[in-house]
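Following: one structure in structure tokens, then a few remarks.
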Amino acid sequence: GKQQGVRKTAKDIIGQKKQVTTDKIHTADVGDQTAVSFENVVFGYDEHLILEGVSFEVKKGEQVTLSGRTGAGKSTILKLLLGLYEPQSGSIRIGNVSATEVPEEERRSLFGYVEQSFHMVPGTVREQITLYDRRITEKQVQAAARLTGLEDSITSLENGYDTVCTPEIFSQGQLLSIARASVAEPSILLLDEITANLDVETEKEVLQALRRVSENRTVISISHRTSAEMGRIITV
């Protein structure tokens with residue numbers, strides 16, 4: 001029968017896959033080796049192919065921008081990397097491990113993912129950054145706030161990090177998104193059009209925060225704005 005694109009949650013995929021230790025993934029990344037590779041990846045829904053034989057690799061510590069027309073599959077590439085979709089054919093590897101074999105609980109220390117807009121969760125300012133993950137320490141939370149330039153505005157709130165978060169508190173949720181993505185100190189950052197909806201002044205702040213957070217990390221970003229492009233351009 002015809003091949004169909006498979007949309008799965010990370011939980012579905014992890015349920016079926018054998019466990020892989022983070023050590024295996026991180027040791028795969030030593031030296032100047034490949035952090036991420038796509039090899040002849042084909043993906044689509046029903047009869048509609050989005051990616052037709054896409055191949056590229058990104059070295060550890062390299063910063064690249066995926067470029068291409070709308071609908072070319074740039075965001076799909078990030079979701080395939082996160083193991084949320086499975087390709088119909090071809091291979092996607094993180095270090096020397098298949099993307100869908102990375103256990104869900106280890107994804108956060110491997111990937112920091114920043115989307116176009118900030119999604120608030122119920123709770124305190126601290127919980128916006130930790131997403132209720134108890135493994136994240138107070139020291140990590142404060143370091144992420146400092147890196148993204150949020151420390152002063154958080155400490156000036158009535159209850160600091162324990163202040164209940166409301167949309168009015170932060171005009172710039174995107175900085176919180178970056179703090180959230182970087183708090184677990186991931187080795188790879190995935191950035192999906194994160195300056196698309198920002199005014200010039202805010203974009204400047206976000207890009208400065210990004211530069212600080214991106215130091216010594218592998219970064220794969222998608223951007224339509226040349227001002228937000230980073231490093232090598234990969235055309236999709």
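In the structure tokens, chains take letters A, B, ... by order of appearance, with residues numbered from 1 within each chain and ligands from 1 in the order shown.
Excluding Gly160 (chain A) itself and same-chain residues fewer than 6 positions from it, the residues having an atom within 10 Å of it are Thr124, Val125, Arg126, Glu151, Asp152, Ser153 and Ile154 of chain A, counting only C-alpha atoms.
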Contact residues around Glu215 (chain A) with only C-alpha atoms at 10 Å, ignoring same-chain residues under 3 positions, as a ChimeraX atom specification
/A:61-63,210-212,218-219
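We find CA of Thr235 (chain A) and CA of Leu190 (chain A) to be spaced 16.3 Å apart.
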Could you give me, as a PyMOL selection string, each residue of region 77-181 of chain A that DSSP assigns to helix (DSSP H, G or I) when run on this structure's backbone?
chain A and resi 77-81+99-101+104-107+125-130+138-147+151-155+160-162+173-181
Give me the residues near Pro122 (chain A) as an NGL selection string, where near means some atom within 12 Å (using only C-alpha atoms) and where sequence neighbours in that chain fewer than 4 positions away do not count.
:A and (126-132 or 163-167)
Filtering to N, CA and C atoms, could you give me those residues as a PDB file, in the first residue's frame?
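Saved to again_34.pdb:
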```
ATOM      1  N   ARG A 126       9.889  30.490  37.889  1.00  0.00           N
ATOM      2  CA  ARG A 126      10.868  29.387  37.896  1.00  0.00           C
ATOM      3  C   ARG A 126      10.356  28.213  37.062  1.00  0.00           C
ATOM      4  N   GLU A 127       9.053  27.900  37.218  1.00  0.00           N
ATOM      5  CA  GLU A 127       8.488  26.738  36.504  1.00  0.00           C
ATOM      6  C   GLU A 127       8.390  26.961  34.998  1.00  0.00           C
ATOM      7  N   GLN A 128       8.338  28.241  34.578  1.00  0.00           N
ATOM      8  CA  GLN A 128       8.390  28.509  33.133  1.00  0.00           C
ATOM      9  C   GLN A 128       9.726  28.014  32.574  1.00  0.00           C
ATOM     10  N   ILE A 129      10.758  28.116  33.396  1.00  0.00           N
ATOM     11  CA  ILE A 129      12.102  27.741  32.954  1.00  0.00           C
ATOM     12  C   ILE A 129      12.349  26.242  33.145  1.00  0.00           C
ATOM     13  N   THR A 130      11.898  25.692  34.286  1.00  0.00           N
ATOM     14  CA  THR A 130      12.196  24.268  34.567  1.00  0.00           C
ATOM     15  C   THR A 130      11.207  23.310  33.926  1.00  0.00           C
ATOM     16  N   LEU A 131      10.001  23.793  33.594  1.00  0.00           N
ATOM     17  CA  LEU A 131       8.905  22.921  33.153  1.00  0.00           C
ATOM     18  C   LEU A 131       8.689  21.772  34.138  1.00  0.00           C
ATOM     19  N   TYR A 132       8.753  22.099  35.419  1.00  0.00           N
ATOM     20  CA  TYR A 132       8.491  21.152  36.520  1.00  0.00           C
ATOM     21  C   TYR A 132       9.520  20.010  36.604  1.00  0.00           C
ATOM     22  N   THR A 163       7.384  34.154  41.876  1.00  0.00           N
ATOM     23  CA  THR A 163       6.219  34.931  41.439  1.00  0.00           C
ATOM     24  C   THR A 163       5.398  34.097  40.459  1.00  0.00           C
ATOM     25  N   VAL A 164       4.081  34.077  40.657  1.00  0.00           N
ATOM     26  CA  VAL A 164       3.218  33.355  39.717  1.00  0.00           C
ATOM     27  C   VAL A 164       3.261  34.099  38.381  1.00  0.00           C
ATOM     28  N   CYS A 165       3.488  33.353  37.312  1.00  0.00           N
ATOM     29  CA  CYS A 165       3.700  33.988  36.003  1.00  0.00           C
ATOM     30  C   CYS A 165       2.371  34.347  35.347  1.00  0.00           C
ATOM     31  N   THR A 166       2.287  35.569  34.847  1.00  0.00           N
ATOM     32  CA  THR A 166       1.115  36.002  34.067  1.00  0.00           C
ATOM     33  C   THR A 166       1.646  36.661  32.797  1.00  0.00           C
ATOM     34  N   PRO A 167       0.808  36.719  31.748  1.00  0.00           N
ATOM     35  CA  PRO A 167       1.281  37.319  30.486  1.00  0.00           C
ATOM     36  C   PRO A 167       1.785  38.753  30.668  1.00  0.00           C
TER      37      PRO A 167
END
```
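Residues surrounding Leu147 (chain A) within 10 Å are Gln142, Leu175, Ile178, Ala179, Ser182, Val183, Gln208, Ala209, Leu210, Arg211, Arg212 and Val213 of chain A [only C-alpha atoms; sequence separation below 5 positions excluded].
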